[in-house]
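Structure file start.pdb (PDB, C-alpha atoms) is printed below.
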MODEL        1
ATOM      1  CA  MET W 247     110.372 290.855  13.305
ATOM      2  CA  LYS W 248     112.153 290.033  16.514
ATOM      3  CA  ALA W 249     112.272 286.267  16.218
ATOM      4  CA  MET W 250     110.828 283.277  14.456
ATOM      5  CA  LYS W 251     110.341 279.722  15.645
ATOM      6  CA  GLY W 252     109.779 276.458  13.893
ATOM      7  CA  LYS W 253     111.903 274.333  11.635
ATOM      8  CA  PHE W 254     113.909 277.247  10.272
ATOM      9  CA  ALA W 255     114.815 279.370  13.325
ATOM     10  CA  LYS W 256     115.704 279.056  16.968
ATOM     11  CA  GLY W 257     115.738 281.359  19.953
ATOM     12  CA  THR W 258     113.485 282.927  22.508
ATOM     13  CA  VAL W 259     110.943 285.568  21.616
ATOM     14  CA  LYS W 260     111.407 288.414  24.067
ATOM     15  CA  GLY W 261     108.481 290.484  25.250
ATOM     16  CA  ARG W 262     106.059 287.556  25.213
ATOM     17  CA  SER W 263     104.069 287.395  28.462
ATOM     18  CA  LEU W 264     101.991 284.453  27.228
ATOM     19  CA  PRO W 265     103.250 280.937  26.542
ATOM     20  CA  ARG W 266     103.652 280.058  22.890
ATOM     21  CA  SER W 267     100.429 279.177  21.130
ATOM     22  CA  ALA W 268     101.811 275.661  20.583
ATOM     23  CA  ALA W 269     105.016 273.742  20.792
ATOM     24  CA  ALA W 270     106.953 273.660  17.528
ATOM     25  CA  GLY W 271     105.324 271.222  15.133
ATOM     26  CA  LYS W 272     102.095 270.912  17.146
ATOM     27  CA  VAL W 273      98.713 272.243  16.078
ATOM     28  CA  MET W 274      98.034 275.403  18.068
ATOM     29  CA  PRO W 275      95.133 274.994  20.519
ATOM     30  CA  ALA W 276      93.696 278.389  19.564
ATOM     31  CA  SER W 277      92.798 277.021  16.128
ATOM     32  CA  GLY W 278      90.423 274.380  17.471
ATOM     33  CA  LEU W 279      91.991 271.914  15.033
ATOM     34  CA  ALA W 280      94.229 269.964  17.417
ATOM     35  CA  ASP W 281      92.066 266.820  17.144
ATOM     36  CA  LYS W 282      91.606 267.019  13.382
ATOM     37  CA  GLY W 283      95.115 266.430  12.097
ATOM     38  CA  LYS W 284      98.690 267.688  12.158
ATOM     39  CA  VAL W 285     100.791 270.624  10.963
ATOM     40  CA  LEU W 286     101.802 270.426   7.316
ATOM     41  CA  GLN W 287     105.540 271.079   7.425
ATOM     42  CA  PRO W 288     107.235 273.448   6.954
ATOM     43  CA  TYR W 289     104.149 275.677   7.197
ATOM     44  CA  ASP W 290     104.468 276.596  10.873
ATOM     45  CA  VAL W 291     105.801 279.944  12.102
ATOM     46  CA  ASP W 292     105.712 281.920  15.353
ATOM     47  CA  MET W 293     106.925 285.524  15.206
ATOM     48  CA  ASN W 294     106.798 288.956  16.795
ATOM     49  CA  ILE W 295     106.545 292.212  14.876
ATOM     50  CA  THR W 296     107.427 295.268  16.937
ATOM     51  CA  ASP W 297     107.943 298.954  16.180
ATOM     52  CA  ALA W 298     108.311 301.228  19.207
ATOM     53  CA  ALA W 299     107.832 304.338  17.077
ATOM     54  CA  LYS W 300     104.341 303.117  16.147
ATOM     55  CA  ASN W 301     103.499 301.483  19.482
ATOM     56  CA  MET W 302     103.326 298.164  17.621
ATOM     57  CA  ASP W 303     104.075 294.977  19.567
ATOM     58  CA  LYS W 304     102.252 292.009  18.062
ATOM     59  CA  PHE W 305     102.599 288.243  17.885
ATOM     60  CA  TYR W 306     101.578 286.058  14.949
ATOM     61  CA  ARG W 307     101.355 282.270  14.792
ATOM     62  CA  MET W 308     100.546 280.792  11.388
ATOM     63  CA  GLN W 309     100.051 277.177  10.379
ATOM     64  CA  VAL W 310      98.669 274.967   7.643
ATOM     65  CA  VAL W 311      96.863 272.029   9.244
ATOM     66  CA  GLU W 312      96.388 268.765   7.361
ATOM     67  CA  SER W 313      93.522 266.448   8.300
ATOM     68  CA  THR W 314      94.329 262.961   9.530
ATOM     69  CA  ASP W 315      93.115 261.414   6.271
ATOM     70  CA  LYS W 316      95.019 264.056   4.226
ATOM     71  CA  THR W 317      91.925 265.169   2.363
ATOM     72  CA  LYS W 318      91.318 268.558   3.998
ATOM     73  CA  TYR W 319      93.523 271.545   4.843
ATOM     74  CA  TRP W 320      93.106 274.696   6.904
ATOM     75  CA  PHE W 321      95.050 277.925   7.252
ATOM     76  CA  ALA W 322      95.101 278.901  10.933
ATOM     77  CA  LEU W 323      96.209 282.247  12.357
ATOM     78  CA  HIS W 324      96.517 283.314  16.008
ATOM     79  CA  TYR W 325      97.473 286.968  16.457
ATOM     80  CA  GLY W 326      97.226 289.939  18.777
ATOM     81  CA  ARG W 327      99.113 292.358  20.949
ATOM     82  CA  ASN W 328     101.736 290.793  23.186
ATOM     83  CA  GLY W 329     100.255 290.342  26.658
ATOM     84  CA  SER W 330      96.739 289.740  25.297
ATOM     85  CA  THR W 331      94.928 286.495  24.550
ATOM     86  CA  GLY W 332      94.728 287.568  20.925
ATOM     87  CA  GLN W 333      92.327 286.556  18.193
ATOM     88  CA  LYS W 334      92.065 283.560  15.905
ATOM     89  CA  GLN W 335      91.223 283.110  12.262
ATOM     90  CA  VAL W 336      90.713 279.743  10.580
ATOM     91  CA  LYS W 337      90.085 279.387   6.849
ATOM     92  CA  GLY W 338      89.001 276.095   5.338
ATOM     93  CA  PRO W 339      88.629 273.269   4.952
ATOM     94  CA  THR W 340      90.047 273.569   1.467
ATOM     95  CA  ASN W 341      92.684 271.835  -0.627
ATOM     96  CA  GLN W 342      96.401 271.880   0.114
ATOM     97  CA  VAL W 343      97.319 274.334  -2.649
ATOM     98  CA  LYS W 344      94.819 276.960  -1.480
ATOM     99  CA  ALA W 345      95.718 276.601   2.203
ATOM    100  CA  VAL W 346      99.427 276.964   1.481
ATOM    101  CA  LYS W 347      98.782 279.953  -0.772
ATOM    102  CA  MET W 348      96.801 281.696   1.989
ATOM    103  CA  MET W 349      99.633 281.221   4.471
ATOM    104  CA  GLU W 350     102.337 282.367   2.068
ATOM    105  CA  GLN W 351     100.324 285.477   1.219
ATOM    106  CA  LYS W 352      99.777 286.314   4.892
ATOM    107  CA  PHE W 353     103.462 285.773   5.681
ATOM    108  CA  LYS W 354     104.503 288.159   2.919
ATOM    109  CA  GLN W 355     101.888 290.691   3.984
ATOM    110  CA  LYS W 356     103.198 290.740   7.551
ATOM    111  CA  THR W 357     106.941 290.490   6.907
ATOM    112  CA  GLY W 358     107.493 291.947   3.465
ATOM    113  CA  LYS W 359     109.294 288.733   2.424
ATOM    114  CA  ALA W 360     108.321 285.833   0.212
ATOM    115  CA  TRP W 361     107.919 282.485   1.959
ATOM    116  CA  ALA W 362     110.832 281.129  -0.087
ATOM    117  CA  ASP W 363     113.026 283.837   1.503
ATOM    118  CA  ARG W 364     111.847 283.189   5.065
ATOM    119  CA  GLY W 365     115.357 282.199   6.166
ATOM    120  CA  SER W 366     116.452 285.827   5.723
ATOM    121  CA  ALA W 367     113.530 287.170   7.786
ATOM    122  CA  ALA W 368     115.627 287.858  10.856
ATOM    123  CA  ALA W 369     115.602 290.653  13.414
ATOM    124  CA  GLY W 370     115.412 294.069  11.829
ATOM    125  CA  THR W 371     114.054 292.863   8.481
ATOM    126  CA  ALA W 372     110.311 292.664   8.958
ATOM    127  CA  ASN W 373     107.786 295.078   7.592
ATOM    128  CA  SER W 374     106.357 297.142  10.438
ATOM    129  CA  ALA W 375     103.539 298.508   8.297
ATOM    130  CA  ALA W 376     102.950 295.342   6.354
ATOM    131  CA  ARG W 377      99.160 295.495   6.622
ATOM    132  CA  SER W 378      99.244 297.999   3.782
ATOM    133  CA  GLY W 379     102.303 296.577   2.073
ATOM    134  CA  LYS W 380     104.438 299.560   3.086
ATOM    135  CA  GLY W 381     107.384 300.243   5.306
ATOM    136  CA  HIS W 382     110.460 298.204   6.120
ATOM    137  CA  TYR W 383     112.243 297.401   9.391
ATOM    138  CA  GLU W 384     115.720 297.417   7.862
ATOM    139  CA  LEU W 385     115.425 301.021   6.753
ATOM    140  CA  THR W 386     113.938 302.043  10.097
ATOM    141  CA  ALA W 387     116.672 300.177  11.984
ATOM    142  CA  ARG W 388     119.423 301.891  10.015
ATOM    143  CA  LEU W 389     117.879 305.308  10.554
ATOM    144  CA  LYS W 390     117.571 304.739  14.299
ATOM    145  CA  LYS W 391     121.180 303.582  14.554
ATOM    146  CA  ALA W 392     122.335 306.650  12.617
ATOM    147  CA  GLY W 393     120.395 308.999  14.923
ATOM    148  CA  ALA W 394     118.026 310.199  12.209
ATOM    149  CA  LYS W 395     114.965 312.297  12.910
ATOM    150  CA  PHE W 396     111.561 310.845  12.022
ATOM    151  CA  ALA W 397     108.269 312.199  10.694
ATOM    152  CA  THR W 398     106.172 311.199  13.695
ATOM    153  CA  LYS W 399     103.336 313.712  13.653
ATOM    154  CA  LYS W 400     101.091 315.773  11.419
ATOM    155  CA  GLY W 401     103.060 318.345   9.501
ATOM    156  CA  ALA W 402     106.188 316.187   9.271
ATOM    157  CA  VAL W 403     107.736 314.678   6.141
ATOM    158  CA  ALA W 404     110.729 312.329   5.899
ATOM    159  CA  ILE W 405     112.394 310.892   2.803
ATOM    160  CA  SER W 406     115.029 308.194   3.359
ATOM    161  CA  LEU W 407     117.426 306.175   1.208
ATOM    162  CA  MET W 408     119.272 302.876   1.717
ATOM    163  CA  TRP W 409     121.285 300.529  -0.468
ATOM    164  CA  ASP W 410     123.364 297.365  -0.124
ATOM    165  CA  HIS W 411     127.050 297.187   0.860
ATOM    166  CA  GLN W 412     127.391 293.502   1.715
ATOM    167  CA  SER W 413     130.384 293.242  -0.611
ATOM    168  CA  LYS W 414     133.330 295.635  -0.274
ATOM    169  CA  GLN W 415     133.912 295.086  -3.984
ATOM    170  CA  LYS W 416     130.507 296.543  -4.859
ATOM    171  CA  ARG W 417     129.933 299.865  -3.158
ATOM    172  CA  ASN W 418     128.438 303.199  -4.161
ATOM    173  CA  ASP W 419     128.192 306.653  -2.717
ATOM    174  CA  LEU W 420     124.565 307.398  -3.512
ATOM    175  CA  ASP W 421     123.172 310.820  -2.664
ATOM    176  CA  LEU W 422     119.548 311.565  -1.843
ATOM    177  CA  TRP W 423     118.224 314.838  -3.221
ATOM    178  CA  VAL W 424     114.814 316.399  -2.571
ATOM    179  CA  THR W 425     113.466 319.497  -4.269
ATOM    180  CA  ALA W 426     111.110 321.334  -1.913
ATOM    181  CA  PRO W 427     107.934 323.138  -3.083
ATOM    182  CA  SER W 428     109.924 326.409  -3.144
ATOM    183  CA  GLY W 429     112.296 324.920  -5.715
ATOM    184  CA  GLU W 430     115.179 324.752  -3.230
ATOM    185  CA  LYS W 431     117.211 321.533  -3.465
ATOM    186  CA  ILE W 432     118.379 319.641  -0.367
ATOM    187  CA  GLY W 433     121.279 317.185  -0.557
ATOM    188  CA  PHE W 434     124.869 316.570   0.513
ATOM    189  CA  SER W 435     126.159 319.969  -0.683
ATOM    190  CA  HIS W 436     123.136 321.912   0.600
ATOM    191  CA  GLN W 437     121.999 320.146   3.762
ATOM    192  CA  GLN W 438     119.552 322.679   5.218
ATOM    193  CA  SER W 439     116.889 324.650   3.423
ATOM    194  CA  ALA W 440     115.197 327.922   4.202
ATOM    195  CA  CYS W 441     111.953 325.972   4.626
ATOM    196  CA  LYS W 442     113.532 323.912   7.489
ATOM    197  CA  GLY W 443     114.209 320.729   5.546
ATOM    198  CA  GLU W 444     117.401 318.985   6.641
ATOM    199  CA  LEU W 445     119.711 316.225   5.438
ATOM    200  CA  ASP W 446     120.496 314.860   8.904
ATOM    201  CA  VAL W 447     122.106 311.539   7.880
ATOM    202  CA  ASP W 448     124.578 311.138   5.012
ATOM    203  CA  ARG W 449     126.348 307.769   4.819
ATOM    204  CA  ARG W 450     128.885 307.189   2.059
ATOM    205  CA  GLN W 451     130.810 304.559   0.148
ATOM    206  CA  ASP W 452     132.699 303.304   3.224
ATOM    207  CA  ALA W 453     129.518 302.659   5.271
ATOM    208  CA  ALA W 454     128.630 299.017   5.961
ATOM    209  CA  LYS W 455     124.878 299.775   5.997
ATOM    210  CA  PRO W 456     124.427 303.056   4.128
ATOM    211  CA  VAL W 457     121.425 305.252   4.744
ATOM    212  CA  GLU W 458     120.455 308.888   4.170
ATOM    213  CA  ASN W 459     117.588 310.963   5.494
ATOM    214  CA  ILE W 460     115.992 314.293   4.593
ATOM    215  CA  VAL W 461     113.325 315.424   7.039
ATOM    216  CA  TRP W 462     110.976 318.160   8.097
ATOM    217  CA  ILE W 463     110.056 317.316  11.705
ATOM    218  CA  LYS W 464     107.232 319.870  11.631
ATOM    219  CA  ASN W 465     105.646 322.474   9.374
ATOM    220  CA  ALA W 466     106.691 320.798   6.129
ATOM    221  CA  PRO W 467     105.783 323.173   3.289
ATOM    222  CA  LYS W 468     102.718 322.360   1.249
ATOM    223  CA  GLY W 469     103.166 321.697  -2.427
ATOM    224  CA  ASN W 470     105.101 319.545  -4.857
ATOM    225  CA  TYR W 471     108.193 317.539  -3.889
ATOM    226  CA  THR W 472     110.643 315.836  -6.245
ATOM    227  CA  VAL W 473     112.859 312.972  -5.049
ATOM    228  CA  LYS W 474     115.978 311.893  -6.938
ATOM    229  CA  VAL W 475     119.082 309.807  -6.234
ATOM    230  CA  HIS W 476     122.549 310.625  -7.607
ATOM    231  CA  ASN W 477     125.347 308.113  -8.140
ATOM    232  CA  PHE W 478     128.190 310.285  -6.825
ATOM    233  CA  SER W 479     130.804 307.528  -7.049
ATOM    234  CA  MET W 480     131.253 303.734  -7.269
ATOM    235  CA  ASN W 481     134.050 301.143  -7.123
ATOM    236  CA  HIS W 482     132.533 298.637  -9.600
ATOM    237  CA  ASN W 483     130.706 298.482 -12.922
ATOM    238  CA  LYS W 484     127.381 296.917 -11.967
ATOM    239  CA  ALA W 485     123.894 298.235 -11.274
ATOM    240  CA  MET W 486     123.011 298.973  -7.640
ATOM    241  CA  PRO W 487     119.444 298.437  -6.335
ATOM    242  CA  PHE W 488     118.238 300.915  -3.716
ATOM    243  CA  LYS W 489     115.137 301.739  -1.708
ATOM    244  CA  VAL W 490     113.560 305.080  -0.838
ATOM    245  CA  GLY W 491     111.041 305.430   1.999
ATOM    246  CA  ILE W 492     108.607 308.334   2.274
ATOM    247  CA  VAL W 493     106.641 309.093   5.450
ATOM    248  CA  ARG W 494     104.076 311.873   5.737
ATOM    249  CA  ASP W 495     102.278 313.043   8.882
ATOM    250  CA  GLY W 496     103.565 310.108  10.939
ATOM    251  CA  GLY W 497     101.795 307.579   8.738
ATOM    252  CA  ASP W 498     102.977 304.360   7.118
ATOM    253  CA  MET W 499     106.145 304.397   5.073
ATOM    254  CA  GLU W 500     105.783 304.213   1.303
ATOM    255  CA  LEU W 501     108.700 302.102   0.079
ATOM    256  CA  ILE W 502     109.927 302.579  -3.489
ATOM    257  CA  GLU W 503     112.454 300.227  -5.078
ATOM    258  CA  LYS W 504     114.702 301.453  -7.893
ATOM    259  CA  VAL W 505     118.000 300.519  -9.543
ATOM    260  CA  MET W 506     120.959 302.814 -10.087
ATOM    261  CA  PRO W 507     122.491 301.987 -13.476
ATOM    262  CA  ALA W 508     126.176 301.131 -13.746
ATOM    263  CA  LYS W 509     127.052 304.647 -14.789
ATOM    264  CA  ASP W 510     129.143 307.147 -12.880
ATOM    265  CA  LYS W 511     127.272 310.369 -11.990
ATOM    266  CA  ALA W 512     123.924 308.919 -13.121
ATOM    267  CA  TRP W 513     120.630 310.251 -11.760
ATOM    268  CA  VAL W 514     117.469 308.252 -11.046
ATOM    269  CA  ALA W 515     114.110 309.988 -10.652
ATOM    270  CA  VAL W 516     112.300 308.317  -7.745
ATOM    271  CA  LYS W 517     109.003 310.109  -7.228
ATOM    272  CA  LYS W 518     107.116 313.380  -7.478
ATOM    273  CA  PHE W 519     104.401 313.865  -4.897
ATOM    274  CA  LYS W 520     102.152 316.602  -3.593
ATOM    275  CA  TYR W 521     101.982 317.271   0.112
ATOM    276  CA  ALA W 522      98.759 319.031   1.026
TER     277      ALA W 522
ENDMDL
END
Go through the file and emit its structure as C-alpha cells.
Amino acid sequence: MKAMKGKFAKGTVKGRSLPRSAAAGKVMPASGLADKGKVLQPYDVDMNITDAAKNMDKFYRMQVVESTDKTKYWFALHYGRNGSTGQKQVKGPTNQVKAVKMMEQKFKQKTGKAWADRGSAAAGTANSAARSGKGHYELTARLKKAGAKFATKKGAVAISLMWDHQSKQKRNDLDLWVTAPSGEKIGFSHQQSACKGELDVDRRQDAAKPVENIVWIKNAPKGNYTVKVHNFSMNHNKAMPFKVGIVRDGGDMELIEKVMPAKDKAWVAVKKFKYA
C-alpha cells in the first residue's frame, strides 16, 4: 500500500491521475450519499495498492456514512485501476455495527491488517494478493531489495522466509530448507540442486530485515516438496515468529505463519505440498 489518507496518515498518493474521490472527512461523491449524511469517523480511508510484478495498480476509498438523523448507516467503496473512473459499491442502509464490520472486513481483506492496526499499514506492508487472503508486500519488498528471483511464470516455484529483527537484542539466524521431489535438500550448506533449485538469498543474524529465498525460475520438478526452517543460532531466549511464502506458476503467494521455539538448533516443519 503506497499511502493512506484520512485522520491517521498524511502525504500524497503518487501515481494517481484522478483527483481524490473526496476531501478528507467528506462523503465521496461516487457513493451518491453526499446529501444523506456525513462520514462516521474514523471510518474513512484512501489508499493505493500496487505490485509491479503483478501489474497491479489500484486505488480504494472506503467510508462508513452516517445519516443526518443518525438512524441509518452505509458502507461505501470506490475502487478501480489508477487512471480509470473506477467502480462503486454501496451496502446499506443498515445499523452502525454492521456497516463498521463491513468496512473493517474489507480493509483487512485488501491490506492484510486489522483495522485496529491500521497505523502500521504503511508503504511496503500491504497485501498485494489480498483478494484471496494471500501474499504480503513486506516479504515481496525484502526479496526485491535483496535481488531475489521470483516465480513469475508457469513452471516456476519460489519458497521464501522472513522474520523480525526490530530489536538487536532479539535476533536469530533462521535457515530455510526445502526438500525437492528427488529427495535432495536445498539450504545454506547446499545452495544449488541438481534439479536447478537455488538458494539465491540468505540473510543472517546481523540483517536488519532478514529474508531467504529458494527458487526454481522454470521447470520446477513435479512431485512432493517439504519446507522446514532451522534455528541455526540466536542471541536471546524467546520464541521468534516467522513467515514463509510459497508461489507456484506465478500465482498468488500462500503465506504461512509459524513460531520458532526458544531452542537452539530447533526445527519447525512448515508445509508439505505437491507440485503437479
Fewer than 4 positions away in the same chain doesn't count, so skip those; otherwise give me all residues within 7 Å of range 503-510 of chain W, counting only C-alpha atoms, as an MDAnalysis selection string. chainID W and resid 477:480 483:490 514
Export of prior selection with C-alpha atoms as a short mmCIF file (atom, residue, chain, number, x, y, z; two decimals), keeping the file's coordinate frame:
data_model
loop_
_atom_site.label_atom_id
_atom_site.label_comp_id
_atom_site.auth_asym_id
_atom_site.auth_seq_id
_atom_site.Cartn_x
_atom_site.Cartn_y
_atom_site.Cartn_z
CA ASN W 477 125.35 308.11 -8.14
CA PHE W 478 128.19 310.29 -6.82
CA SER W 479 130.80 307.53 -7.05
CA MET W 480 131.25 303.73 -7.27
CA ASN W 483 130.71 298.48 -12.92
CA LYS W 484 127.38 296.92 -11.97
CA ALA W 485 123.89 298.24 -11.27
CA MET W 486 123.01 298.97 -7.64
CA PRO W 487 119.44 298.44 -6.34
CA PHE W 488 118.24 300.92 -3.72
CA LYS W 489 115.14 301.74 -1.71
CA VAL W 490 113.56 305.08 -0.84
CA VAL W 514 117.47 308.25 -11.05
#
Written as an MDAnalysis selection string, which residues does the PyMOL selection byres ((chain W and resi 464) around 8) give for the file shown? chainID W and resid 397 399:403 462:463 465:466
What separation in Å, quoted to one decimal, exists between CA of Asn459 in chain W and CA of Met408 in chain W?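 Distance reported for this atom pair: 9.1 Å.
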For the provided coordinates, the residues matched by the PyMOL selection byres ((chain W and resi 325) around 6) should be stated as a list of chain:residue names.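 That selection, the PyMOL selection byres ((chain W and resi 325) around 6), comes back as W:Phe305, W:Tyr306, W:His324, W:Gly326, W:Gly332, W:Gln333.
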Keeping only C-alpha atoms, write the selected residues to a file as a PDB file, keeping the file's coordinate frame.
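Result went into result_19.pdb, see below:
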ATOM      1  CA  PHE W 305     102.599 288.243  17.885  1.00  0.00           C
ATOM      2  CA  TYR W 306     101.578 286.058  14.949  1.00  0.00           C
ATOM      3  CA  HIS W 324      96.517 283.314  16.008  1.00  0.00           C
ATOM      4  CA  GLY W 326      97.226 289.939  18.777  1.00  0.00           C
ATOM      5  CA  GLY W 332      94.728 287.568  20.925  1.00  0.00           C
ATOM      6  CA  GLN W 333      92.327 286.556  18.193  1.00  0.00           C
TER       7      GLN W 333
END
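For the residues W:Ala392, W:Ala404, W:Ala453, W:Ile432, ranking by smallest atom-to-atom distance to Lys416 in chain W using only C-alpha atoms places W:Ala453 first.
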Would you kindly return, as a count of residues only, each protein, DNA or RNA residue with an atom no farther than 6 Å from any atom of range 282-286 of chain W, considering all atoms listed in the file and excluding same-chain residues fewer than 3 positions away? 8
Skip range 337-353 of chain W itself and residues of its chain fewer than 5 positions away, then list as a PyMOL selection string all residues within 12 Å of it, counting only C-alpha atoms. chain W and resi 247+250+277-279+282-283+285-293+295+306-313+316-325+358-364+367+372-373+376-379
Give me the box for range 330-340 of chain W as AutoDock Vina command-line options, namely the centre and edge lengths in Å to one decimal of a box along x, y and z that holds every listed atom plus 4 Å on each side.
--center_x 92.7 --center_y 281.5 --center_z 13.4 --size_x 16.1 --size_y 24.5 --size_z 31.8
Close residues, Val457 in chain W itself excluded, 8 Å, only C-alpha atoms, min 5 positions apart in chain, as a VMD selection string: chain W and resid 385 388 to 389 406 to 409 447 to 449
If the PyMOL selection byres ((chain W and resi 451) around 7) is run on the structure shown, which residues does it catch, given as a PyMOL selection string? chain W and resi 417-419+450+452-453
Quote the spacing between CA of Thr472 in chain W and CA of Ser435 in chain W in Å to one decimal place.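 The value is 17.0 Å.
We find CA of Lys474 in chain W and CA of Thr398 in chain W to be spaced 22.9 Å apart.
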Of the candidates W:Asp446, W:Pro275, W:Ser330, W:Val493, which shows the shortest atom-to-atom distance to Gly393 in chain W, using only C-alpha atoms?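 Closest residue, counting only C-alpha atoms: W:Asp446.
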Please determine, counting all atoms listed in the file, which residue among W:Val461, W:Ala454, W:Cys441, W:Gln355 has the shortest atom-to-atom distance to Gly491 in chain W. W:Val461
Name all residues at most 9 Å from Phe519 in chain W (count only C-alpha atoms; drop same-chain ones fewer than 6 positions away) and give them as a ChimeraX atom specification. /W:469-473
Prev. selection, C-alpha atoms, output as a PDB file, keeping the file's coordinate frame:
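What ended up in result.pdb:
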ATOM      1  CA  GLY W 469     103.166 321.697  -2.427  1.00  0.00           C
ATOM      2  CA  ASN W 470     105.101 319.545  -4.857  1.00  0.00           C
ATOM      3  CA  TYR W 471     108.193 317.539  -3.889  1.00  0.00           C
ATOM      4  CA  THR W 472     110.643 315.836  -6.245  1.00  0.00           C
ATOM      5  CA  VAL W 473     112.859 312.972  -5.049  1.00  0.00           C
TER       6      VAL W 473
END
